[in-house]
$ cat run-v1.pdb   # PDB, C-alpha atoms and all ligand atoms
ATOM      1  CA  MET A   1     131.958 104.800  96.841
ATOM      2  CA  THR A   2     129.357 103.516  94.368
ATOM      3  CA  GLU A   3     125.745 104.335  94.985
ATOM      4  CA  PRO A   4     123.303 101.440  95.244
ATOM      5  CA  PHE A   5     121.337 100.857  92.063
ATOM      6  CA  LEU A   6     118.284 100.193  94.197
ATOM      7  CA  SER A   7     117.340 101.009  97.772
ATOM      8  CA  LEU A   8     114.167 100.133  99.616
ATOM      9  CA  ARG A   9     113.542 102.264 102.699
ATOM     10  CA  GLY A  10     110.791 101.226 105.074
ATOM     11  CA  VAL A  11     108.823  99.439 102.362
ATOM     12  CA  SER A  12     105.733  97.497 103.429
ATOM     13  CA  LYS A  13     103.007  95.649 101.565
ATOM     14  CA  THR A  14      99.736  94.608 103.170
ATOM     15  CA  PHE A  15      97.236  92.202 101.575
ATOM     16  CA  SER A  16      93.847  92.511 103.251
ATOM     17  CA  GLY A  17      95.330  92.819 106.723
ATOM     18  CA  VAL A  18      98.291  90.475 106.167
ATOM     19  CA  LYS A  19     101.694  92.187 106.178
ATOM     20  CA  ALA A  20     103.555  90.357 103.403
ATOM     21  CA  LEU A  21     106.384  92.923 103.658
ATOM     22  CA  ASP A  22     107.042  94.759 106.885
ATOM     23  CA  ASN A  23     109.282  97.826 106.851
ATOM     24  CA  ILE A  24     111.913  96.452 104.432
ATOM     25  CA  ASP A  25     115.291  98.162 104.132
ATOM     26  CA  PHE A  26     117.375  96.781 101.308
ATOM     27  CA  ASP A  27     120.203  97.893  98.976
ATOM     28  CA  ILE A  28     121.616  96.333  95.867
ATOM     29  CA  TYR A  29     124.726  97.651  94.139
ATOM     30  CA  PRO A  30     125.741  97.577  90.466
ATOM     31  CA  GLY A  31     127.497  94.322  89.574
ATOM     32  CA  GLU A  32     126.514  92.609  92.807
ATOM     33  CA  VAL A  33     125.031  89.117  93.044
ATOM     34  CA  HIS A  34     122.680  89.478  95.977
ATOM     35  CA  CYS A  35     120.592  86.536  97.137
ATOM     36  CA  LEU A  36     117.210  87.048  98.695
ATOM     37  CA  ALA A  37     116.620  84.065 100.935
ATOM     38  CA  GLY A  38     113.580  83.081 102.942
ATOM     39  CA  GLU A  39     111.185  80.213 103.507
ATOM     40  CA  ASN A  40     107.987  79.740 101.555
ATOM     41  CA  GLY A  41     105.614  82.587 102.251
ATOM     42  CA  SER A  42     108.295  84.864 103.718
ATOM     43  CA  GLY A  43     107.615  87.570 101.132
ATOM     44  CA  LYS A  44     110.285  87.047  98.460
ATOM     45  CA  SER A  45     107.978  87.143  95.442
ATOM     46  CA  THR A  46     106.051  90.066  96.897
ATOM     47  CA  MET A  47     109.299  92.005  97.286
ATOM     48  CA  ILE A  48     110.169  91.319  93.621
ATOM     49  CA  LYS A  49     106.760  92.545  92.539
ATOM     50  CA  VAL A  50     107.100  95.742  94.543
ATOM     51  CA  ILE A  51     110.533  96.383  93.002
ATOM     52  CA  SER A  52     109.242  95.716  89.491
ATOM     53  CA  GLY A  53     106.177  97.911  89.963
ATOM     54  CA  VAL A  54     103.644  95.084  89.763
ATOM     55  CA  TYR A  55     102.433  95.673  93.338
ATOM     56  CA  GLU A  56     101.942  99.095  94.827
ATOM     57  CA  PRO A  57     103.608  99.232  98.266
ATOM     58  CA  ASP A  58     101.847 100.664 101.308
ATOM     59  CA  ALA A  59     102.178 104.410 101.756
ATOM     60  CA  GLY A  60     105.126 105.615 103.835
ATOM     61  CA  GLY A  61     108.090 103.789 102.368
ATOM     62  CA  GLU A  62     110.450 104.803  99.609
ATOM     63  CA  ILE A  63     112.059 103.123  96.620
ATOM     64  CA  VAL A  64     115.183 104.746  95.229
ATOM     65  CA  MET A  65     115.991 103.415  91.789
ATOM     66  CA  ASP A  66     118.993 104.601  89.804
ATOM     67  CA  GLY A  67     118.939 107.867  91.736
ATOM     68  CA  THR A  68     115.212 108.578  91.419
ATOM     69  CA  HIS A  69     112.991 108.521  94.517
ATOM     70  CA  TYR A  70     109.581 106.878  94.300
ATOM     71  CA  ALA A  71     106.757 106.350  96.793
ATOM     72  CA  LYS A  72     105.523 103.775  94.283
ATOM     73  CA  LEU A  73     106.462 103.022  90.724
ATOM     74  CA  THR A  74     104.796 101.557  87.660
ATOM     75  CA  PRO A  75     106.016  98.498  85.737
ATOM     76  CA  ILE A  76     107.021 100.762  82.844
ATOM     77  CA  GLU A  77     109.079 102.979  85.160
ATOM     78  CA  ALA A  78     110.841  99.913  86.540
ATOM     79  CA  ILE A  79     111.613  98.640  83.022
ATOM     80  CA  ASN A  80     112.777 102.071  81.881
ATOM     81  CA  ASN A  81     115.084 102.230  84.906
ATOM     82  CA  GLY A  82     116.602  98.932  83.790
ATOM     83  CA  VAL A  83     114.809  96.333  85.909
ATOM     84  CA  GLN A  84     113.975  92.963  84.358
ATOM     85  CA  VAL A  85     112.462  89.951  86.095
ATOM     86  CA  ILE A  86     112.790  86.292  85.187
ATOM     87  CA  TYR A  87     109.667  84.774  86.711
ATOM     88  CA  GLN A  88     109.408  81.165  87.798
ATOM     89  CA  ASP A  89     107.246  80.311  84.790
ATOM     90  CA  PHE A  90     109.619  82.324  82.500
ATOM     91  CA  SER A  91     106.615  84.018  80.782
ATOM     92  CA  VAL A  92     107.650  82.687  77.383
ATOM     93  CA  PHE A  93     105.223  82.033  74.532
ATOM     94  CA  PRO A  94     105.373  78.244  73.995
ATOM     95  CA  ASN A  95     103.770  78.298  70.556
ATOM     96  CA  LEU A  96     106.172  80.855  69.141
ATOM     97  CA  THR A  97     109.720  80.182  67.980
ATOM     98  CA  VAL A  98     112.800  81.280  69.892
ATOM     99  CA  ALA A  99     113.358  84.126  67.433
ATOM    100  CA  GLU A 100     109.768  85.305  67.767
ATOM    101  CA  ASN A 101     109.891  85.179  71.550
ATOM    102  CA  LEU A 102     113.082  87.190  71.621
ATOM    103  CA  ALA A 103     112.386  89.788  69.010
ATOM    104  CA  LEU A 104     108.727  90.435  69.705
ATOM    105  CA  THR A 105     109.296  91.212  73.333
ATOM    106  CA  GLY A 106     112.511  93.059  72.693
ATOM    107  CA  GLU A 107     110.791  95.398  70.299
ATOM    108  CA  VAL A 108     107.771  95.825  72.521
ATOM    109  CA  SER A 109     109.784  96.593  75.622
ATOM    110  CA  ASN A 110     111.983  98.990  73.720
ATOM    111  CA  GLY A 111     108.822 100.904  72.968
ATOM    112  CA  ARG A 112     109.334 100.629  69.214
ATOM    113  CA  LYS A 113     106.952  99.352  66.588
ATOM    114  CA  LEU A 114     107.472  95.899  65.155
ATOM    115  CA  VAL A 115     109.903  96.023  62.297
ATOM    116  CA  ASN A 116     110.782  93.476  59.661
ATOM    117  CA  TRP A 117     111.738  89.830  59.963
ATOM    118  CA  LYS A 118     115.344  90.475  59.110
ATOM    119  CA  ARG A 119     115.717  92.901  61.967
ATOM    120  CA  MET A 120     113.882  90.487  64.248
ATOM    121  CA  ARG A 121     116.376  87.794  63.295
ATOM    122  CA  THR A 122     119.333  90.045  64.038
ATOM    123  CA  ILE A 123     117.947  90.984  67.439
ATOM    124  CA  ALA A 124     117.424  87.308  68.263
ATOM    125  CA  GLU A 125     120.906  86.289  67.114
ATOM    126  CA  GLU A 126     122.551  89.020  69.171
ATOM    127  CA  ALA A 127     120.438  88.180  72.209
ATOM    128  CA  VAL A 128     121.362  84.487  72.396
ATOM    129  CA  LYS A 129     125.020  85.282  71.719
ATOM    130  CA  LYS A 130     125.091  87.431  74.867
ATOM    131  CA  VAL A 131     124.593  84.350  77.034
ATOM    132  CA  ASN A 132     126.472  81.965  74.747
ATOM    133  CA  PHE A 133     123.192  80.122  74.167
ATOM    134  CA  LYS A 134     123.424  77.653  71.282
ATOM    135  CA  VAL A 135     119.866  77.147  70.115
ATOM    136  CA  ASP A 136     117.893  76.769  66.890
ATOM    137  CA  LEU A 137     116.171  80.127  66.559
ATOM    138  CA  ASP A 138     113.343  78.426  64.657
ATOM    139  CA  ALA A 139     112.608  75.863  67.361
ATOM    140  CA  ARG A 140     109.231  76.140  69.060
ATOM    141  CA  VAL A 141     109.893  77.320  72.615
ATOM    142  CA  GLY A 142     107.363  74.827  74.001
ATOM    143  CA  ASP A 143     109.613  72.021  72.739
ATOM    144  CA  LEU A 144     112.723  73.237  74.606
ATOM    145  CA  SER A 145     114.007  71.926  77.929
ATOM    146  CA  VAL A 146     113.246  73.915  81.073
ATOM    147  CA  ALA A 147     116.815  75.206  81.172
ATOM    148  CA  ASP A 148     116.601  76.369  77.554
ATOM    149  CA  LYS A 149     113.246  78.072  78.141
ATOM    150  CA  GLN A 150     114.942  79.911  80.977
ATOM    151  CA  LEU A 151     117.795  80.943  78.672
ATOM    152  CA  VAL A 152     115.208  82.292  76.229
ATOM    153  CA  ALA A 153     113.766  84.372  79.075
ATOM    154  CA  ILE A 154     117.213  85.591  80.136
ATOM    155  CA  SER A 155     118.263  86.414  76.565
ATOM    156  CA  ARG A 156     115.018  88.301  76.073
ATOM    157  CA  ALA A 157     115.543  90.274  79.292
ATOM    158  CA  LEU A 158     119.059  91.227  78.165
ATOM    159  CA  ILE A 159     117.762  92.846  74.969
ATOM    160  CA  THR A 160     116.631  95.806  77.076
ATOM    161  CA  GLU A 161     120.158  96.107  78.564
ATOM    162  CA  PRO A 162     119.003  95.833  82.167
ATOM    163  CA  LYS A 163     120.917  97.185  85.148
ATOM    164  CA  LEU A 164     119.178  94.843  87.570
ATOM    165  CA  LEU A 165     118.141  91.324  86.661
ATOM    166  CA  ILE A 166     115.882  89.619  89.170
ATOM    167  CA  MET A 167     115.511  85.842  89.120
ATOM    168  CA  ASP A 168     112.745  84.272  91.192
ATOM    169  CA  GLU A 169     113.849  80.815  92.395
ATOM    170  CA  PRO A 170     115.542  80.122  89.053
ATOM    171  CA  THR A 171     116.990  76.725  89.958
ATOM    172  CA  THR A 172     113.736  75.072  91.063
ATOM    173  CA  ALA A 173     113.288  72.887  87.967
ATOM    174  CA  LEU A 174     116.935  72.567  86.903
ATOM    175  CA  THR A 175     119.305  69.604  87.073
ATOM    176  CA  HIS A 176     122.623  69.962  88.869
ATOM    177  CA  ARG A 177     124.460  70.523  85.556
ATOM    178  CA  GLU A 178     121.919  73.100  84.453
ATOM    179  CA  VAL A 179     122.343  74.935  87.748
ATOM    180  CA  GLU A 180     126.107  75.069  87.201
ATOM    181  CA  ALA A 181     125.522  76.430  83.681
ATOM    182  CA  LEU A 182     123.137  79.055  85.040
ATOM    183  CA  PHE A 183     125.716  80.110  87.628
ATOM    184  CA  LYS A 184     128.214  80.709  84.795
ATOM    185  CA  VAL A 185     125.682  82.908  83.034
ATOM    186  CA  VAL A 186     125.082  84.841  86.260
ATOM    187  CA  ALA A 187     128.821  85.345  86.819
ATOM    188  CA  ASP A 188     129.201  86.594  83.270
ATOM    189  CA  LEU A 189     126.349  89.092  83.620
ATOM    190  CA  GLN A 190     127.816  90.287  86.897
ATOM    191  CA  SER A 191     131.183  90.852  85.250
ATOM    192  CA  ARG A 192     129.388  93.179  82.847
ATOM    193  CA  GLY A 193     128.191  95.296  85.760
ATOM    194  CA  ILE A 194     124.627  93.993  85.928
ATOM    195  CA  ALA A 195     123.243  93.628  89.445
ATOM    196  CA  ILE A 196     121.587  90.265  90.045
ATOM    197  CA  LEU A 197     118.915  89.687  92.661
ATOM    198  CA  PHE A 198     118.834  85.924  92.971
ATOM    199  CA  VAL A 199     115.892  84.620  94.951
ATOM    200  CA  SER A 200     116.385  81.276  96.623
ATOM    201  CA  HIS A 201     115.542  79.298  99.718
ATOM    202  CA  LYS A 202     118.400  76.838  99.156
ATOM    203  CA  LEU A 203     121.282  77.339 101.537
ATOM    204  CA  GLU A 204     123.953  75.675  99.355
ATOM    205  CA  GLU A 205     123.311  77.847  96.345
ATOM    206  CA  VAL A 206     123.090  81.050  98.367
ATOM    207  CA  PHE A 207     126.538  80.318  99.782
ATOM    208  CA  GLU A 208     127.905  79.361  96.380
ATOM    209  CA  ILE A 209     126.678  82.254  94.300
ATOM    210  CA  SER A 210     126.097  85.338  96.432
ATOM    211  CA  GLU A 211     128.460  88.118  97.385
ATOM    212  CA  ARG A 212     125.898  89.276  99.893
ATOM    213  CA  PHE A 213     122.552  87.925 100.882
ATOM    214  CA  THR A 214     119.489  89.103 102.714
ATOM    215  CA  ILE A 215     117.318  86.754 104.745
ATOM    216  CA  ILE A 216     113.669  87.631 105.173
ATOM    217  CA  ARG A 217     111.223  85.986 107.525
ATOM    218  CA  ASN A 218     107.537  86.890 107.896
ATOM    219  CA  GLY A 219     108.071  89.891 105.643
ATOM    220  CA  LYS A 220     110.920  91.352 107.727
ATOM    221  CA  VAL A 221     114.616  91.582 106.957
ATOM    222  CA  VAL A 222     116.423  89.429 109.509
ATOM    223  CA  ILE A 223     119.948  90.118 108.311
ATOM    224  CA  THR A 224     121.970  91.274 105.305
ATOM    225  CA  THR A 225     125.464  89.822 105.319
ATOM    226  CA  MET A 226     128.124  87.917 103.358
ATOM    227  CA  PRO A 227     128.603  84.136 103.132
ATOM    228  CA  GLU A 228     131.937  84.447 104.991
ATOM    229  CA  GLU A 229     130.181  86.075 107.925
ATOM    230  CA  LEU A 230     127.548  83.452 108.713
ATOM    231  CA  ASN A 231     127.746  79.697 109.205
ATOM    232  CA  HIS A 232     125.173  77.299 107.778
ATOM    233  CA  LYS A 233     123.590  76.606 111.141
ATOM    234  CA  LYS A 234     123.008  80.288 111.859
ATOM    235  CA  PHE A 235     121.671  80.769 108.340
ATOM    236  CA  ALA A 236     119.043  78.070 108.900
ATOM    237  CA  GLU A 237     118.125  79.586 112.250
ATOM    238  CA  TYR A 238     117.628  83.015 110.735
ATOM    239  CA  MET A 239     115.500  81.561 107.932
ATOM    240  CA  THR A 240     113.231  79.481 110.121
ATOM    241  CA  GLY A 241     113.304  81.498 113.354
ATOM    242  CA  ARG A 242     114.082  78.294 115.242
TER
HETATM  243  P1  LIG B 301     107.504  83.743  98.937
HETATM  244  O1  LIG B 301     107.722  84.176  97.529
HETATM  245  O2  LIG B 301     108.636  84.058  99.846
HETATM  246  O3  LIG B 301     107.113  82.307  99.036
HETATM  247  P2  LIG B 301     105.176  85.491  98.819
HETATM  248  O4  LIG B 301     105.726  86.835  98.589
HETATM  249  O5  LIG B 301     104.598  84.786  97.642
HETATM  250  O6  LIG B 301     106.266  84.572  99.533
HETATM  251  O7  LIG B 301     104.061  85.570  99.934
HETATM  252  C1  LIG B 301     104.234  86.269 101.156
HETATM  253  C2  LIG B 301     102.921  86.323 101.915
HETATM  254  O8  LIG B 301     102.014  87.170 101.251
HETATM  255  C3  LIG B 301     102.219  84.992 102.048
HETATM  256  O9  LIG B 301     101.586  84.954 103.290
HETATM  257  C4  LIG B 301     101.208  85.023 100.933
HETATM  258  O10 LIG B 301     100.106  84.208 101.224
HETATM  259  C5  LIG B 301     100.846  86.489 100.888
HETATM  260  N1  LIG B 301     100.466  86.929  99.532
HETATM  261  C6  LIG B 301     101.296  86.972  98.458
HETATM  262  N2  LIG B 301     100.666  87.448  97.367
HETATM  263  C7  LIG B 301      99.387  87.717  97.780
HETATM  264  C8  LIG B 301      98.226  88.242  97.118
HETATM  265  N3  LIG B 301      98.264  88.602  95.824
HETATM  266  N4  LIG B 301      97.098  88.367  97.841
HETATM  267  C9  LIG B 301      97.051  88.028  99.153
HETATM  268  N5  LIG B 301      98.107  87.538  99.822
HETATM  269  C10 LIG B 301      99.256  87.382  99.157
HETATM  270 MG    MG B 302     107.857  83.038  95.747
END

$ encode --input "run-v1.pdb" --output "structure tokens" --more "lines below"
Ligand code: ADP
Ligand code: MG
Amino acid sequence: MTEPFLSLRGVSKTFSGVKALDNIDFDIYPGEVHCLAGENGSGKSTMIKVISGVYEPDAGGEIVMDGTHYAKLTPIEAINNGVQVIYQDFSVFPNLTVAENLALTGEVSNGRKLVNWKRMRTIAEEAVKKVNFKVDLDARVGDLSVADKQLVAISRALITEPKLLIMDEPTTALTHREVEALFKVVADLQSRGIAILFVSHKLEEVFEISERFTIIRNGKVVITTMPEELNHKKFAEYMTGR
């Protein structure tokens, strides 16, 4: 049986007395689309930041990433293990072109020095091709639609050849068509063996896209299961606690 790419064991995170994460156990496997569902304030973004090394978890828990055990890990360790996050604001540079956004970050996160423009161009071209993203590489990213800004962020993340791609509420600002297009991209990445942690509080999309999902409430895992195993009513009850 395949090993999980990532396991959290008893992971907690306290902010000045408030337990944002409370003893989280969680596994995600290579090539799995796993939704993390929960209401506003349930701890979803905090969990992402603990996984990506942005927040240091409380002492006592363990993060196992690609076979290595950590009590805490740094952002660089997470990136080097193959973790990339698409944040809700996409973290793109609006005043730079698509090519600049892609190549700059790709080079930086690969730990190499900036090279020449020709190489930058090649990196950018290869990156957008990976997600079948038809875009003018010289367009200013600030002028793109929300969905295209997101594709810039996804293309950029793929340059580092991630093993786990985390998307924090990626459909929030998308139209229905754009959501469908994003789901195709997700399915394609999954077919290449990339694990996807898809954060959402929307029942319909969790049931449409996930192979498994985990519901958290008040920082605790309520259940990890599959769409076939839980009806919509139960799902809502687990999310809200009512
Ligand atoms: P979600 O992403 O599910 O909406 P968050 O992870 O953002 O939830 O927040 C979970 C809880 O942790 C909330 O009560 C929130 O107020 C608190 N929290 C999140 N980040 C911080 C922080 N940096 N400092 C203090 N409290 C925080
Ligand atoms: Mg959030």

$ residues_around --input "run-v1.pdb" --residues "Ala153 (chain A)" --least-positions-apart "3" --cutoff "7 Å" --atoms "all atoms listed in the file" --output "list in words"
Ile86, Phe90, Val92, Lys149, Gln150, Arg156 and Ala157 of chain A

$ closest_residue --input "run-v1.pdb" --among "A:Val199, A:Leu73, A:Ile209, A:Ala139" --to "Leu36 (chain A)" --atoms "all atoms listed in the file"
A:Val199

$ closest_residue --input "run-v1.pdb" --among "A:Gly241, A:Pro75, A:Pro4, A:Pro162" --to "Pro30 (chain A)" --atoms "only C-alpha atoms"
A:Pro4

$ resolve_selection --input "run-v1.pdb" --expression "the PyMOL selection byres (((chain A and resi 226) around 12) and not hetatm)" --output "PyMOL selection string"
chain A and resi 32-36+206-215+223-225+227-232+235

$ resolve_selection --input "run-v1.pdb" --expression "the PyMOL selection byres (((not hetatm)) within 7 of (chain B and resi 302))" --output "PyMOL selection string"
chain A and resi 40-41+44-45+168

$ atom_distance --input "run-v1.pdb" --atom1 "CA of Glu161 (chain A)" --atom2 "CA of Phe5 (chain A)"
14.4 Å

$ closest_atom_pairs --input "run-v1.pdb" --of "chain A" --to "ligand LIG 301 (chain B)" --cutoff "9 Å" --atoms "all atoms listed in the file" --output "CSV"
residue,atom,partner,partner_atom,distance
A:Lys13,CA,B:LIG301,O8,8.5
A:Thr14,CA,B:LIG301,N5,8.0
A:Phe15,CA,B:LIG301,C9,4.8
A:Ser16,CA,B:LIG301,C9,6.9
A:Val18,CA,B:LIG301,N5,7.0
A:Lys19,CA,B:LIG301,O8,7.0
A:Ala20,CA,B:LIG301,O8,4.1
A:Leu21,CA,B:LIG301,C1,7.4
A:Ala37,CA,B:LIG301,O2,8.1
A:Gly38,CA,B:LIG301,O2,5.9
A:Glu39,CA,B:LIG301,O2,5.9
A:Asn40,CA,B:LIG301,O3,3.7
A:Gly41,CA,B:LIG301,O6,3.4
A:Ser42,CA,B:LIG301,O2,4.0
A:Gly43,CA,B:LIG301,O4,3.3
A:Lys44,CA,B:LIG301,O2,3.7
A:Ser45,CA,B:LIG301,O1,3.6
A:Thr46,CA,B:LIG301,O4,3.7
A:Met47,CA,B:LIG301,O4,6.4
A:Ile48,CA,B:LIG301,O4,8.0
A:Lys49,CA,B:LIG301,O4,8.4
A:Tyr55,CA,B:LIG301,N3,8.6
A:Asp168,CA,B:LIG301,O1,8.1
A:Glu169,CA,B:LIG301,O1,8.7
A:Val199,CA,B:LIG301,O1,8.6
A:Ser200,CA,B:LIG301,O2,8.8
A:His201,CA,B:LIG301,O2,8.4
A:Ile216,CA,B:LIG301,O2,8.2
A:Arg217,CA,B:LIG301,O2,8.3
A:Asn218,CA,B:LIG301,C1,7.5
A:Gly219,CA,B:LIG301,C1,6.9

$ write_last_selection --input "run-v1.pdb" --atoms "C-alpha atoms" --output "PDB file, in the frame of the given file"
ATOM      1  CA  LYS A  13     103.007  95.649 101.565  1.00  0.00           C
ATOM      2  CA  THR A  14      99.736  94.608 103.170  1.00  0.00           C
ATOM      3  CA  PHE A  15      97.236  92.202 101.575  1.00  0.00           C
ATOM      4  CA  SER A  16      93.847  92.511 103.251  1.00  0.00           C
ATOM      5  CA  VAL A  18      98.291  90.475 106.167  1.00  0.00           C
ATOM      6  CA  LYS A  19     101.694  92.187 106.178  1.00  0.00           C
ATOM      7  CA  ALA A  20     103.555  90.357 103.403  1.00  0.00           C
ATOM      8  CA  LEU A  21     106.384  92.923 103.658  1.00  0.00           C
ATOM      9  CA  ALA A  37     116.620  84.065 100.935  1.00  0.00           C
ATOM     10  CA  GLY A  38     113.580  83.081 102.942  1.00  0.00           C
ATOM     11  CA  GLU A  39     111.185  80.213 103.507  1.00  0.00           C
ATOM     12  CA  ASN A  40     107.987  79.740 101.555  1.00  0.00           C
ATOM     13  CA  GLY A  41     105.614  82.587 102.251  1.00  0.00           C
ATOM     14  CA  SER A  42     108.295  84.864 103.718  1.00  0.00           C
ATOM     15  CA  GLY A  43     107.615  87.570 101.132  1.00  0.00           C
ATOM     16  CA  LYS A  44     110.285  87.047  98.460  1.00  0.00           C
ATOM     17  CA  SER A  45     107.978  87.143  95.442  1.00  0.00           C
ATOM     18  CA  THR A  46     106.051  90.066  96.897  1.00  0.00           C
ATOM     19  CA  MET A  47     109.299  92.005  97.286  1.00  0.00           C
ATOM     20  CA  ILE A  48     110.169  91.319  93.621  1.00  0.00           C
ATOM     21  CA  LYS A  49     106.760  92.545  92.539  1.00  0.00           C
ATOM     22  CA  TYR A  55     102.433  95.673  93.338  1.00  0.00           C
ATOM     23  CA  ASP A 168     112.745  84.272  91.192  1.00  0.00           C
ATOM     24  CA  GLU A 169     113.849  80.815  92.395  1.00  0.00           C
ATOM     25  CA  VAL A 199     115.892  84.620  94.951  1.00  0.00           C
ATOM     26  CA  SER A 200     116.385  81.276  96.623  1.00  0.00           C
ATOM     27  CA  HIS A 201     115.542  79.298  99.718  1.00  0.00           C
ATOM     28  CA  ILE A 216     113.669  87.631 105.173  1.00  0.00           C
ATOM     29  CA  ARG A 217     111.223  85.986 107.525  1.00  0.00           C
ATOM     30  CA  ASN A 218     107.537  86.890 107.896  1.00  0.00           C
ATOM     31  CA  GLY A 219     108.071  89.891 105.643  1.00  0.00           C
TER      32      GLY A 219
END

$ closest_residue --input "run-v1.pdb" --among "A:Leu6, A:Val83, A:Leu203, A:Ala103" --to "Gly67 (chain A)" --atoms "only C-alpha atoms"
A:Leu6

$ resolve_selection --input "run-v1.pdb" --expression "the PyMOL selection byres (((chain A and resi 7) around 7) and not hetatm)" --output "MDAnalysis selection string"
chainID A and resid 4:6 8:9 26:28 63:65

$ write_last_selection --input "run-v1.pdb" --atoms "C-alpha atoms" --output "short mmCIF file (atom, residue, chain, number, x, y, z; two decimals), keeping the file's coordinate frame"
data_model
loop_
_atom_site.label_atom_id
_atom_site.label_comp_id
_atom_site.auth_asym_id
_atom_site.auth_seq_id
_atom_site.Cartn_x
_atom_site.Cartn_y
_atom_site.Cartn_z
CA PRO A 4 123.30 101.44 95.24
CA PHE A 5 121.34 100.86 92.06
CA LEU A 6 118.28 100.19 94.20
CA LEU A 8 114.17 100.13 99.62
CA ARG A 9 113.54 102.26 102.70
CA PHE A 26 117.38 96.78 101.31
CA ASP A 27 120.20 97.89 98.98
CA ILE A 28 121.62 96.33 95.87
CA ILE A 63 112.06 103.12 96.62
CA VAL A 64 115.18 104.75 95.23
CA MET A 65 115.99 103.42 91.79
#

$ decode --input "run-v1.pdb" --residues "region 49-66 of chain A" --atoms "C-alpha atoms" --output "mmCIF file, in the first residue's frame"
data_model
loop_
_atom_site.group_PDB
_atom_site.id
_atom_site.type_symbol
_atom_site.label_atom_id
_atom_site.label_comp_id
_atom_site.auth_asym_id
_atom_site.auth_seq_id
_atom_site.Cartn_x
_atom_site.Cartn_y
_atom_site.Cartn_z
ATOM 1 C CA LYS A 49 -0.063 27.418 7.204
ATOM 2 C CA VAL A 50 1.115 24.734 9.604
ATOM 3 C CA ILE A 51 1.583 22.298 6.703
ATOM 4 C CA SER A 52 3.478 24.876 4.654
ATOM 5 C CA GLY A 53 5.704 25.878 7.564
ATOM 6 C CA VAL A 54 4.343 29.412 7.893
ATOM 7 C CA TYR A 55 3.024 28.770 11.420
ATOM 8 C CA GLU A 56 4.900 26.782 14.009
ATOM 9 C CA PRO A 57 2.541 24.227 15.599
ATOM 10 C CA ASP A 58 2.328 23.740 19.357
ATOM 11 C CA ALA A 59 4.840 21.313 20.820
ATOM 12 C CA GLY A 60 3.749 17.676 21.048
ATOM 13 C CA GLY A 61 2.415 16.902 17.599
ATOM 14 C CA GLU A 62 4.171 15.514 14.566
ATOM 15 C CA ILE A 63 4.205 16.232 10.848
ATOM 16 C CA VAL A 64 5.419 13.451 8.585
ATOM 17 C CA MET A 65 6.200 14.753 5.127
ATOM 18 C CA ASP A 66 7.461 12.509 2.347
#
